[in-house]
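Colleague: Just dropping this structure here.
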Amino acid sequence: MTDPSTYKFNHTMLRVKDPKASLAFYQDQLGMTVLKTWDFPEAKFCLYFLAYDGPKALNAGKDWSDREGILELTHNYGTEDDAEYKVSTGNADPYRGFGHICVSVDNIDLVCDKLIDSGVKFQKKLTDGRQKDIAFALDPDGYWVELIWSRTPKVENVTDPSSYRLNHTMIRVRDPEKSLKFYQDVLGMKLLRTAEHEAAKFTLYFLGYNNDPNFVVNSGIGVHNFEGVLELTWNWGTEKDPEFKGYHNGNDQPQGFGHICVTVDDLDAACERFEKLGVNWKKRLTDGRMKNVAFILDEDNYWVEVIQNDVIKKHTN
């Protein structure tokens, strides 16, 4: 048996050109900690798993497989010395798809000032545009990192990175009805909040594994201070547009964003459940050499990795 209420939105994977530059940004500028590094010299790539792990972190001290809000950086050997190598950030046509990751912070004004002073480039500063409460910093590869206020009490001229959250990951979807059905009925996520922007003709859907019985959908309470949130962005009309060719999944060329990952209570049972639900597979457990990971495809062909939560149960493989 498998219980989707125990699942966790564990991590988001991004490919990076130069791990030294990326690690410096996410650690020194945004205050994340490297939890785990996996090097695969035979396959010529390395994985870095980062998260907020300080004294005020939401998942502090937990096993990496039993937590949410992890960022996986994938480095393929040699890209740092390849002048032609460049990732696709997912925000430029014709390769739009993945949009951004988001970090919620305790003092957004101070954090943005510090980043600007240290030379970090911005796609959107707090003072730009109509929305004065969000900003978008650019990491060394040009991925967008949204910055929002966590709604926790501000202390003037003070910020504590140990209280930050890797709040959400945004991907664009063609048909919200189909995507919501997949993430709710197949992956067991719950709808936390819906934000409709009529003037700009788009709607945002925020989902996650929230088991608080007192949580009220669309109350706005707490969501900014969560980790493990998935934001689906629907631009009105794409589901009915015969000319719309779909979104780029980040794994077709040119590559960038790789996947989101869900950890489950029983990997074999979860995959059996997915099979019965008729999911589209990218990789079953029995495929290839790695028998402890599976990948399913969502309605827009984004990859969803499925792995075992080792705290609940050790997988036999």
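The way I read the labels, and the way they are meant: chains A, B, ... in the order of the structure tokens, residue 1 as the first residue of every chain, and ligand 1 as the first ligand shown, with later ones counted on from there.
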Do you know which residues are at most 12 Å from A:Thr286 counting only C-alpha atoms, after dropping those on the same chain fewer than 5 positions away, and could you put them as a list in words?

Modeller: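 Final neighbour list, sorted by chain and number: Asp268, Cys271, Glu272, Trp281, Lys291, Asn292, Val293, Ala294, Phe295 and Asn317 of chain A.
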
Colleague: Near A:Lys125, counting only C-alpha atoms, which residues have an atom at most 8 Å away, once you skip same-chain residues fewer than 6 positions from it, shown as a ChimeraX atom specification?

Modeller: /A:112,134-137

Colleague: Could you pull out the residues in stretch 264-298 of chain A that DSSP calls strand (DSSP E) from the backbone, as a PyMOL selection string?

Modeller: chain A and resi 264+280-283+294-297

Colleague: Residues at most 12 Å from A:Ile70, counting only C-alpha atoms, excluding those fewer than 6 positions away in the same chain, as an mmCIF file with all heavy atoms, in the first residue's frame?

Modeller:
data_model
loop_
_atom_site.group_PDB
_atom_site.id
_atom_site.type_symbol
_atom_site.label_atom_id
_atom_site.label_comp_id
_atom_site.auth_asym_id
_atom_site.auth_seq_id
_atom_site.Cartn_x
_atom_site.Cartn_y
_atom_site.Cartn_z
ATOM 1 N N LYS A 8 6.262 13.838 -0.430
ATOM 2 C CA LYS A 8 6.878 15.152 -0.253
ATOM 3 C C LYS A 8 7.417 15.653 -1.594
ATOM 4 O O LYS A 8 7.985 14.878 -2.371
ATOM 5 C CB LYS A 8 8.029 15.083 0.766
ATOM 6 C CG LYS A 8 7.586 14.739 2.187
ATOM 7 C CD LYS A 8 8.772 14.693 3.130
ATOM 8 C CE LYS A 8 8.337 14.287 4.546
ATOM 9 N NZ LYS A 8 7.542 15.322 5.197
ATOM 10 N N PHE A 9 7.223 16.954 -1.835
ATOM 11 C CA PHE A 9 7.841 17.594 -2.999
ATOM 12 C C PHE A 9 9.279 17.894 -2.597
ATOM 13 O O PHE A 9 9.583 18.924 -2.026
ATOM 14 C CB PHE A 9 7.066 18.855 -3.373
ATOM 15 C CG PHE A 9 7.646 19.640 -4.525
ATOM 16 C CD1 PHE A 9 8.685 19.153 -5.311
ATOM 17 C CD2 PHE A 9 7.137 20.883 -4.831
ATOM 18 C CE1 PHE A 9 9.212 19.884 -6.358
ATOM 19 C CE2 PHE A 9 7.638 21.634 -5.881
ATOM 20 C CZ PHE A 9 8.690 21.137 -6.644
ATOM 21 N N ASN A 10 10.155 16.958 -2.919
ATOM 22 C CA ASN A 10 11.504 16.951 -2.364
ATOM 23 C C ASN A 10 12.451 17.970 -3.008
ATOM 24 O O ASN A 10 13.088 18.757 -2.320
ATOM 25 C CB ASN A 10 12.087 15.541 -2.502
ATOM 26 C CG ASN A 10 13.486 15.384 -1.981
ATOM 27 O OD1 ASN A 10 14.434 15.235 -2.754
ATOM 28 N ND2 ASN A 10 13.646 15.412 -0.662
ATOM 29 N N HIS A 11 12.559 17.946 -4.351
ATOM 30 C CA HIS A 11 13.533 18.854 -4.956
ATOM 31 C C HIS A 11 13.193 19.256 -6.386
ATOM 32 O O HIS A 11 12.332 18.654 -7.031
ATOM 33 C CB HIS A 11 14.950 18.274 -4.886
ATOM 34 C CG HIS A 11 15.218 17.101 -5.789
ATOM 35 N ND1 HIS A 11 15.304 15.807 -5.315
ATOM 36 C CD2 HIS A 11 15.446 17.010 -7.132
ATOM 37 C CE1 HIS A 11 15.574 14.983 -6.323
ATOM 38 N NE2 HIS A 11 15.657 15.702 -7.440
ATOM 39 N N THR A 12 13.907 20.256 -6.834
ATOM 40 C CA THR A 12 13.857 20.750 -8.213
ATOM 41 C C THR A 12 15.265 20.699 -8.770
ATOM 42 O O THR A 12 16.212 21.154 -8.112
ATOM 43 C CB THR A 12 13.333 22.197 -8.255
ATOM 44 O OG1 THR A 12 11.990 22.218 -7.785
ATOM 45 C CG2 THR A 12 13.389 22.760 -9.674
ATOM 46 N N MET A 13 15.417 20.153 -9.971
ATOM 47 C CA MET A 13 16.745 20.024 -10.571
ATOM 48 C C MET A 13 16.976 21.051 -11.678
ATOM 49 O O MET A 13 16.144 21.220 -12.561
ATOM 50 C CB MET A 13 16.946 18.614 -11.145
ATOM 51 C CG MET A 13 18.375 18.342 -11.652
ATOM 52 S SD MET A 13 18.699 18.882 -13.347
ATOM 53 C CE MET A 13 18.466 17.347 -14.249
ATOM 54 N N LEU A 14 18.145 21.707 -11.596
ATOM 55 C CA LEU A 14 18.585 22.640 -12.630
ATOM 56 C C LEU A 14 19.989 22.263 -13.079
ATOM 57 O O LEU A 14 20.853 21.971 -12.246
ATOM 58 C CB LEU A 14 18.617 24.075 -12.091
ATOM 59 C CG LEU A 14 17.328 24.668 -11.531
ATOM 60 C CD1 LEU A 14 17.603 26.069 -10.980
ATOM 61 C CD2 LEU A 14 16.250 24.717 -12.595
ATOM 62 N N TYR A 26 24.290 30.395 -4.493
ATOM 63 C CA TYR A 26 23.235 29.845 -3.646
ATOM 64 C C TYR A 26 23.659 29.739 -2.178
ATOM 65 O O TYR A 26 22.816 29.854 -1.279
ATOM 66 C CB TYR A 26 22.765 28.500 -4.190
ATOM 67 C CG TYR A 26 21.922 28.664 -5.426
ATOM 68 C CD1 TYR A 26 22.411 28.362 -6.687
ATOM 69 C CD2 TYR A 26 20.636 29.179 -5.347
ATOM 70 C CE1 TYR A 26 21.641 28.551 -7.837
ATOM 71 C CE2 TYR A 26 19.857 29.369 -6.484
ATOM 72 C CZ TYR A 26 20.373 29.061 -7.720
ATOM 73 O OH TYR A 26 19.603 29.258 -8.852
ATOM 74 N N MET A 32 22.011 29.143 1.384
ATOM 75 C CA MET A 32 21.694 27.716 1.400
ATOM 76 C C MET A 32 22.903 26.903 1.841
ATOM 77 O O MET A 32 24.045 27.385 1.835
ATOM 78 C CB MET A 32 21.217 27.265 0.023
ATOM 79 C CG MET A 32 19.982 27.992 -0.466
ATOM 80 S SD MET A 32 19.347 27.377 -2.056
ATOM 81 C CE MET A 32 18.300 26.049 -1.467
ATOM 82 N N THR A 33 22.647 25.638 2.192
ATOM 83 C CA THR A 33 23.682 24.714 2.646
ATOM 84 C C THR A 33 23.711 23.496 1.730
ATOM 85 O O THR A 33 22.652 22.989 1.340
ATOM 86 C CB THR A 33 23.383 24.246 4.086
ATOM 87 O OG1 THR A 33 23.394 25.378 4.963
ATOM 88 C CG2 THR A 33 24.409 23.222 4.563
ATOM 89 N N VAL A 34 24.904 23.014 1.395
ATOM 90 C CA VAL A 34 25.016 21.772 0.631
ATOM 91 C C VAL A 34 24.756 20.605 1.579
ATOM 92 O O VAL A 34 25.505 20.375 2.528
ATOM 93 C CB VAL A 34 26.399 21.626 -0.029
ATOM 94 C CG1 VAL A 34 26.515 20.262 -0.715
ATOM 95 C CG2 VAL A 34 26.631 22.739 -1.046
ATOM 96 N N LEU A 35 23.680 19.868 1.319
ATOM 97 C CA LEU A 35 23.326 18.712 2.140
ATOM 98 C C LEU A 35 24.055 17.460 1.694
ATOM 99 O O LEU A 35 24.414 16.605 2.507
ATOM 100 C CB LEU A 35 21.823 18.439 2.053
ATOM 101 C CG LEU A 35 20.849 19.511 2.519
ATOM 102 C CD1 LEU A 35 19.423 19.025 2.303
ATOM 103 C CD2 LEU A 35 21.083 19.859 3.984
ATOM 104 N N LYS A 36 24.239 17.338 0.381
ATOM 105 C CA LYS A 36 24.736 16.081 -0.173
ATOM 106 C C LYS A 36 25.342 16.352 -1.537
ATOM 107 O O LYS A 36 24.848 17.190 -2.300
ATOM 108 C CB LYS A 36 23.562 15.101 -0.304
ATOM 109 C CG LYS A 36 23.920 13.639 -0.499
ATOM 110 C CD LYS A 36 22.646 12.803 -0.491
ATOM 111 C CE LYS A 36 22.942 11.314 -0.503
ATOM 112 N NZ LYS A 36 23.564 10.833 0.733
ATOM 113 N N TYR A 48 24.672 18.267 -6.822
ATOM 114 C CA TYR A 48 24.775 18.992 -5.563
ATOM 115 C C TYR A 48 23.362 19.268 -5.053
ATOM 116 O O TYR A 48 22.539 19.847 -5.772
ATOM 117 C CB TYR A 48 25.510 20.319 -5.748
ATOM 118 C CG TYR A 48 26.889 20.201 -6.352
ATOM 119 C CD1 TYR A 48 27.067 20.214 -7.738
ATOM 120 C CD2 TYR A 48 28.017 20.092 -5.551
ATOM 121 C CE1 TYR A 48 28.334 20.114 -8.297
ATOM 122 C CE2 TYR A 48 29.291 19.993 -6.098
ATOM 123 C CZ TYR A 48 29.437 20.001 -7.483
ATOM 124 O OH TYR A 48 30.698 19.897 -8.040
ATOM 125 N N PHE A 49 23.092 18.874 -3.813
ATOM 126 C CA PHE A 49 21.775 19.084 -3.220
ATOM 127 C C PHE A 49 21.893 20.146 -2.120
ATOM 128 O O PHE A 49 22.624 19.959 -1.152
ATOM 129 C CB PHE A 49 21.222 17.779 -2.644
ATOM 130 C CG PHE A 49 20.908 16.742 -3.691
ATOM 131 C CD1 PHE A 49 21.891 15.896 -4.176
ATOM 132 C CD2 PHE A 49 19.621 16.628 -4.200
ATOM 133 C CE1 PHE A 49 21.602 14.947 -5.149
ATOM 134 C CE2 PHE A 49 19.322 15.683 -5.170
ATOM 135 C CZ PHE A 49 20.310 14.838 -5.645
ATOM 136 N N LEU A 50 21.169 21.242 -2.295
ATOM 137 C CA LEU A 50 21.234 22.352 -1.357
ATOM 138 C C LEU A 50 19.864 22.620 -0.746
ATOM 139 O O LEU A 50 18.833 22.376 -1.377
ATOM 140 C CB LEU A 50 21.707 23.635 -2.054
ATOM 141 C CG LEU A 50 23.088 23.624 -2.701
ATOM 142 C CD1 LEU A 50 22.963 23.309 -4.190
ATOM 143 C CD2 LEU A 50 23.776 24.974 -2.521
ATOM 144 N N ALA A 51 19.875 23.157 0.477
ATOM 145 C CA ALA A 51 18.617 23.491 1.150
ATOM 146 C C ALA A 51 18.915 24.445 2.291
ATOM 147 O O ALA A 51 20.074 24.688 2.648
ATOM 148 C CB ALA A 51 17.940 22.231 1.679
ATOM 149 N N TYR A 52 17.856 24.980 2.880
ATOM 150 C CA TYR A 52 18.009 25.792 4.090
ATOM 151 C C TYR A 52 18.011 24.854 5.283
ATOM 152 O O TYR A 52 17.073 24.088 5.488
ATOM 153 C CB TYR A 52 16.887 26.837 4.168
ATOM 154 C CG TYR A 52 17.097 27.925 3.148
ATOM 155 C CD1 TYR A 52 16.336 27.979 1.990
ATOM 156 C CD2 TYR A 52 18.118 28.858 3.320
ATOM 157 C CE1 TYR A 52 16.580 28.954 1.028
ATOM 158 C CE2 TYR A 52 18.364 29.833 2.372
ATOM 159 C CZ TYR A 52 17.593 29.880 1.227
ATOM 160 O OH TYR A 52 17.854 30.836 0.273
ATOM 161 N N ASP A 53 19.094 24.934 6.065
ATOM 162 C CA ASP A 53 19.282 23.950 7.130
ATOM 163 C C ASP A 53 19.745 24.588 8.434
ATOM 164 O O ASP A 53 20.279 23.916 9.297
ATOM 165 C CB ASP A 53 20.306 22.894 6.669
ATOM 166 C CG ASP A 53 20.175 21.581 7.413
ATOM 167 O OD1 ASP A 53 19.039 21.152 7.656
ATOM 168 O OD2 ASP A 53 21.214 20.984 7.751
ATOM 169 N N ALA A 57 15.372 26.939 10.061
ATOM 170 C CA ALA A 57 14.904 26.338 8.815
ATOM 171 C C ALA A 57 13.734 25.396 9.081
ATOM 172 O O ALA A 57 13.670 24.734 10.116
ATOM 173 C CB ALA A 57 16.039 25.584 8.129
ATOM 174 N N LEU A 58 12.828 25.338 8.116
ATOM 175 C CA LEU A 58 11.610 24.548 8.279
ATOM 176 C C LEU A 58 11.903 23.055 8.383
ATOM 177 O O LEU A 58 11.228 22.325 9.099
ATOM 178 C CB LEU A 58 10.674 24.819 7.095
ATOM 179 C CG LEU A 58 9.213 24.430 7.241
ATOM 180 C CD1 LEU A 58 8.564 25.192 8.392
ATOM 181 C CD2 LEU A 58 8.460 24.722 5.942
ATOM 182 N N ASN A 59 12.920 22.597 7.651
ATOM 183 C CA ASN A 59 13.255 21.169 7.631
ATOM 184 C C ASN A 59 14.629 20.889 8.233
ATOM 185 O O ASN A 59 15.285 19.903 7.875
ATOM 186 C CB ASN A 59 13.207 20.652 6.194
ATOM 187 C CG ASN A 59 11.790 20.540 5.660
ATOM 188 O OD1 ASN A 59 11.092 19.568 5.911
ATOM 189 N ND2 ASN A 59 11.350 21.559 4.920
ATOM 190 N N ALA A 60 15.066 21.747 9.117
ATOM 191 C CA ALA A 60 16.417 21.651 9.678
ATOM 192 C C ALA A 60 16.715 20.275 10.252
ATOM 193 O O ALA A 60 15.921 19.719 11.009
ATOM 194 C CB ALA A 60 16.603 22.707 10.757
ATOM 195 N N LYS A 62 16.733 17.337 9.030
ATOM 196 C CA LYS A 62 16.074 16.133 8.514
ATOM 197 C C LYS A 62 16.938 15.423 7.482
ATOM 198 O O LYS A 62 17.770 16.026 6.820
ATOM 199 C CB LYS A 62 14.733 16.495 7.881
ATOM 200 C CG LYS A 62 13.642 16.892 8.854
ATOM 201 C CD LYS A 62 12.315 17.077 8.124
ATOM 202 C CE LYS A 62 11.193 17.438 9.078
ATOM 203 N NZ LYS A 62 9.896 17.599 8.361
ATOM 204 N N ASP A 63 16.704 14.131 7.324
ATOM 205 C CA ASP A 63 17.326 13.371 6.255
ATOM 206 C C ASP A 63 16.941 13.996 4.919
ATOM 207 O O ASP A 63 15.808 14.467 4.745
ATOM 208 C CB ASP A 63 16.857 11.913 6.303
ATOM 209 C CG ASP A 63 17.493 11.052 5.228
ATOM 210 O OD1 ASP A 63 18.620 10.582 5.454
ATOM 211 O OD2 ASP A 63 16.871 10.870 4.162
ATOM 212 N N TRP A 64 17.854 13.975 3.969
ATOM 213 C CA TRP A 64 17.604 14.672 2.697
ATOM 214 C C TRP A 64 16.371 14.129 1.976
ATOM 215 O O TRP A 64 15.669 14.870 1.280
ATOM 216 C CB TRP A 64 18.838 14.582 1.795
ATOM 217 C CG TRP A 64 18.973 13.275 1.067
ATOM 218 C CD1 TRP A 64 19.519 12.123 1.544
ATOM 219 C CD2 TRP A 64 18.505 12.995 -0.251
ATOM 220 N NE1 TRP A 64 19.424 11.136 0.605
ATOM 221 C CE2 TRP A 64 18.814 11.642 -0.513
ATOM 222 C CE3 TRP A 64 17.877 13.742 -1.234
ATOM 223 C CZ2 TRP A 64 18.492 11.025 -1.723
ATOM 224 C CZ3 TRP A 64 17.557 13.136 -2.442
ATOM 225 C CH2 TRP A 64 17.865 11.787 -2.671
ATOM 226 N N ILE A 101 12.443 29.443 -9.625
ATOM 227 C CA ILE A 101 12.316 28.997 -8.245
ATOM 228 C C ILE A 101 12.079 30.246 -7.410
ATOM 229 O O ILE A 101 12.339 31.373 -7.867
ATOM 230 C CB ILE A 101 13.546 28.223 -7.738
ATOM 231 C CG1 ILE A 101 14.816 29.076 -7.846
ATOM 232 C CG2 ILE A 101 13.705 26.909 -8.493
ATOM 233 C CD1 ILE A 101 16.035 28.450 -7.195
ATOM 234 N N CYS A 102 11.562 30.077 -6.196
ATOM 235 C CA CYS A 102 11.241 31.228 -5.352
ATOM 236 C C CYS A 102 11.761 31.012 -3.943
ATOM 237 O O CYS A 102 11.576 29.940 -3.355
ATOM 238 C CB CYS A 102 9.735 31.444 -5.326
ATOM 239 S SG CYS A 102 9.217 32.756 -4.179
ATOM 240 N N VAL A 103 12.397 32.033 -3.399
ATOM 241 C CA VAL A 103 12.871 32.031 -2.017
ATOM 242 C C VAL A 103 12.097 33.088 -1.243
ATOM 243 O O VAL A 103 12.016 34.249 -1.667
ATOM 244 C CB VAL A 103 14.383 32.331 -1.949
ATOM 245 C CG1 VAL A 103 14.846 32.451 -0.494
ATOM 246 C CG2 VAL A 103 15.176 31.244 -2.667
ATOM 247 N N ARG A 165 13.114 30.287 3.133
ATOM 248 C CA ARG A 165 12.490 29.064 2.625
ATOM 249 C C ARG A 165 12.681 28.985 1.109
ATOM 250 O O ARG A 165 12.531 30.004 0.421
ATOM 251 C CB ARG A 165 10.975 29.067 2.892
ATOM 252 C CG ARG A 165 10.565 29.406 4.322
ATOM 253 C CD ARG A 165 10.787 28.230 5.248
ATOM 254 N NE ARG A 165 10.158 28.428 6.544
ATOM 255 C CZ ARG A 165 10.829 28.564 7.686
ATOM 256 N NH1 ARG A 165 12.141 28.541 7.701
ATOM 257 N NH2 ARG A 165 10.168 28.713 8.822
ATOM 258 N N LEU A 166 13.005 27.793 0.610
ATOM 259 C CA LEU A 166 12.894 27.566 -0.829
ATOM 260 C C LEU A 166 11.417 27.269 -1.057
ATOM 261 O O LEU A 166 10.963 26.139 -0.946
ATOM 262 C CB LEU A 166 13.776 26.411 -1.292
ATOM 263 C CG LEU A 166 13.775 26.149 -2.804
ATOM 264 C CD1 LEU A 166 14.079 27.400 -3.599
ATOM 265 C CD2 LEU A 166 14.771 25.045 -3.161
ATOM 266 N N ASN A 167 10.667 28.318 -1.334
ATOM 267 C CA ASN A 167 9.215 28.284 -1.239
ATOM 268 C C ASN A 167 8.548 27.516 -2.368
ATOM 269 O O ASN A 167 7.752 26.611 -2.133
ATOM 270 C CB ASN A 167 8.693 29.720 -1.187
ATOM 271 C CG ASN A 167 7.192 29.820 -1.138
ATOM 272 O OD1 ASN A 167 6.557 30.248 -2.094
ATOM 273 N ND2 ASN A 167 6.607 29.428 -0.015
ATOM 274 N N HIS A 168 8.815 27.879 -3.617
ATOM 275 C CA HIS A 168 8.116 27.194 -4.708
ATOM 276 C C HIS A 168 8.918 27.145 -5.989
ATOM 277 O O HIS A 168 9.934 27.827 -6.149
ATOM 278 C CB HIS A 168 6.732 27.837 -4.958
ATOM 279 C CG HIS A 168 6.755 29.205 -5.579
ATOM 280 N ND1 HIS A 168 6.462 30.344 -4.879
ATOM 281 C CD2 HIS A 168 7.004 29.606 -6.858
ATOM 282 C CE1 HIS A 168 6.537 31.401 -5.684
ATOM 283 N NE2 HIS A 168 6.860 30.975 -6.893
ATOM 284 N N THR A 169 8.421 26.302 -6.882
ATOM 285 C CA THR A 169 8.946 26.166 -8.243
ATOM 286 C C THR A 169 7.799 26.419 -9.205
ATOM 287 O O THR A 169 6.717 25.847 -9.043
ATOM 288 C CB THR A 169 9.510 24.752 -8.470
ATOM 289 O OG1 THR A 169 10.654 24.566 -7.620
ATOM 290 C CG2 THR A 169 9.911 24.542 -9.924
ATOM 291 N N GLU A 227 7.598 25.430 2.418
ATOM 292 C CA GLU A 227 8.522 24.889 1.420
ATOM 293 C C GLU A 227 7.770 23.791 0.672
ATOM 294 O O GLU A 227 6.740 23.293 1.120
ATOM 295 C CB GLU A 227 9.794 24.335 2.070
ATOM 296 C CG GLU A 227 10.712 25.432 2.585
ATOM 297 C CD GLU A 227 12.083 24.930 3.004
ATOM 298 O OE1 GLU A 227 12.161 23.907 3.707
ATOM 299 O OE2 GLU A 227 13.075 25.587 2.643
ATOM 300 N N GLY A 228 8.293 23.408 -0.509
ATOM 301 C CA GLY A 228 7.670 22.329 -1.256
ATOM 302 C C GLY A 228 6.363 22.713 -1.916
ATOM 303 O O GLY A 228 5.417 21.928 -1.927
ATOM 304 N N VAL A 229 6.296 23.919 -2.492
ATOM 305 C CA VAL A 229 5.107 24.382 -3.195
ATOM 306 C C VAL A 229 5.383 24.357 -4.700
ATOM 307 O O VAL A 229 6.478 24.720 -5.146
ATOM 308 C CB VAL A 229 4.701 25.795 -2.747
ATOM 309 C CG1 VAL A 229 3.517 26.315 -3.559
ATOM 310 C CG2 VAL A 229 4.373 25.812 -1.254
ATOM 311 N N ILE A 260 11.152 17.970 -11.408
ATOM 312 C CA ILE A 260 10.833 18.061 -9.993
ATOM 313 C C ILE A 260 10.851 16.639 -9.465
ATOM 314 O O ILE A 260 10.760 15.673 -10.236
ATOM 315 C CB ILE A 260 9.489 18.745 -9.724
ATOM 316 C CG1 ILE A 260 8.331 17.959 -10.347
ATOM 317 C CG2 ILE A 260 9.517 20.184 -10.218
ATOM 318 C CD1 ILE A 260 6.961 18.459 -9.926
ATOM 319 N N CYS A 261 10.967 16.479 -8.152
ATOM 320 C CA CYS A 261 11.069 15.143 -7.560
ATOM 321 C C CYS A 261 10.148 15.012 -6.361
ATOM 322 O O CYS A 261 10.079 15.908 -5.513
ATOM 323 C CB CYS A 261 12.509 14.863 -7.130
ATOM 324 S SG CYS A 261 12.717 13.292 -6.254
ATOM 325 N N VAL A 262 9.463 13.888 -6.298
ATOM 326 C CA VAL A 262 8.593 13.555 -5.175
ATOM 327 C C VAL A 262 9.145 12.315 -4.477
ATOM 328 O O VAL A 262 9.464 11.321 -5.142
ATOM 329 C CB VAL A 262 7.155 13.289 -5.666
ATOM 330 C CG1 VAL A 262 6.281 12.753 -4.536
ATOM 331 C CG2 VAL A 262 6.551 14.562 -6.251
ATOM 332 N N THR A 263 9.281 12.380 -3.160
ATOM 333 C CA THR A 263 9.654 11.188 -2.401
ATOM 334 C C THR A 263 8.382 10.547 -1.864
ATOM 335 O O THR A 263 7.428 11.238 -1.485
ATOM 336 C CB THR A 263 10.615 11.504 -1.242
ATOM 337 O OG1 THR A 263 9.999 12.418 -0.328
ATOM 338 C CG2 THR A 263 11.902 12.103 -1.757
#

Colleague: Pick the closest to A:Val120 from A:Asn235, A:Ser104, A:Asp141, A:Asp212: which is it, counting only C-alpha atoms?

Modeller: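 Looking at the shortest contact to A:Val120, the residue is A:Asp141.
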
Colleague: Counting only C-alpha atoms, what is within 9 Å of A:Leu191, bar same-chain residues fewer than 2 positions away, as a list in words?

Modeller: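 Contacts, with the query itself left out: Leu180, Gln184, Met189, Arg193, Thr194, Tyr205, Phe206, Leu207, Gly208, Tyr209, Asn210, Val217 and Asn218 of chain A.
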
Colleague: May I ask for the distance between atom CA of A:Pro153 and atom CA of A:Val105, given in Å to one decimal place?

Modeller: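 That distance, rounded to one decimal, is 10.6 Å.
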
Colleague: Enter the distance from atom CA of A:Ser22 to atom CA of A:Gly258, in Å, rounded to one decimal.

Modeller: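 If I compute the distance from atom CA of A:Ser22 to atom CA of A:Gly258, I get 16.0 Å.
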
Colleague: Can you list, as a PyMOL selection string, all residues belonging to stretch 62-192 of chain A that DSSP tags as helix (DSSP H, G or I)?

Modeller: chain A and resi 64-66+79-81+108-117+161-163+176-186

Colleague: Restricting the calculation to only C-alpha atoms: of A:Ser150, A:Thr127, A:Gln308, A:Asn76, which residue gets closest to A:Ser163?

Modeller: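 Of A:Ser150, A:Thr127, A:Gln308, A:Asn76, the one nearest A:Ser163, counting only C-alpha atoms, is A:Ser150.
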
Colleague: Point out the residue among A:Phe122, A:Arg174, A:Asp266, A:Thr6 with the least atom-to-atom distance to A:Pro242, counting only C-alpha atoms.

Modeller: A:Arg174

Colleague: For A:Pro41, find every residue with an atom within 12 Å (counting only C-alpha atoms), except residues of its own chain fewer than 5 positions away, and show them as an NGL selection string.

Modeller: :A and (46-47 or 75-78)

Colleague: Write the selection just made, keeping C-alpha atoms, as a tab-separated table (two decimals), in the first residue's frame?

Modeller:
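In the end it all went to result.tsv:
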chain	number	residue	atom	x	y	z
A	46	CYS	CA	28.05	15.60	-10.41
A	47	LEU	CA	24.95	16.42	-8.36
A	75	HIS	CA	26.95	19.71	-13.51
A	76	ASN	CA	28.12	17.83	-16.59
A	77	TYR	CA	31.91	17.74	-16.61
A	78	GLY	CA	33.58	20.28	-18.85

Colleague: Taking into account only C-alpha atoms, which residue in the set A:Thr233, A:Ser219, A:Gln253, A:Ser65 is nearest to A:Lys314?

Modeller: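 Result for the nearest residue to A:Lys314: A:Ser65.
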
Colleague: Give me the residues near A:Leu115 as a ChimeraX atom specification, where near means some atom within 10 Å (using only C-alpha atoms) and where sequence neighbours in that chain fewer than 4 positions away do not count.

Modeller: /A:25,29-30,110-111,119-122,137

Colleague: Choose the residue, out of A:Lys276, A:His224, A:Lys178, A:Lys86, that has the smallest atom-to-atom separation from A:Asp106; count only C-alpha atoms.

Modeller: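 Looking at the shortest contact to A:Asp106, the residue is A:His224.
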
Colleague: What does the distance between atom CA of A:Gln123 and atom CA of A:Asn301 come to in Å, to one decimal place?

Modeller: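 Atom CA of A:Gln123 sits 26.8 Å away from atom CA of A:Asn301.
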
Colleague: Using only C-alpha atoms for the distances, tell me which of A:Leu230, A:Leu71, A:Val155, A:Ile221 is nearest to A:Lys190.

Modeller: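 The shortest atom-to-atom distance to A:Lys190 comes from A:Leu230.
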
Colleague: Which residues are close to A:Met1, i.e. within 8 Å by only C-alpha atoms, leaving aside same-chain residues fewer than 2 positions away? Reply as a count of residues only.

Modeller: 4
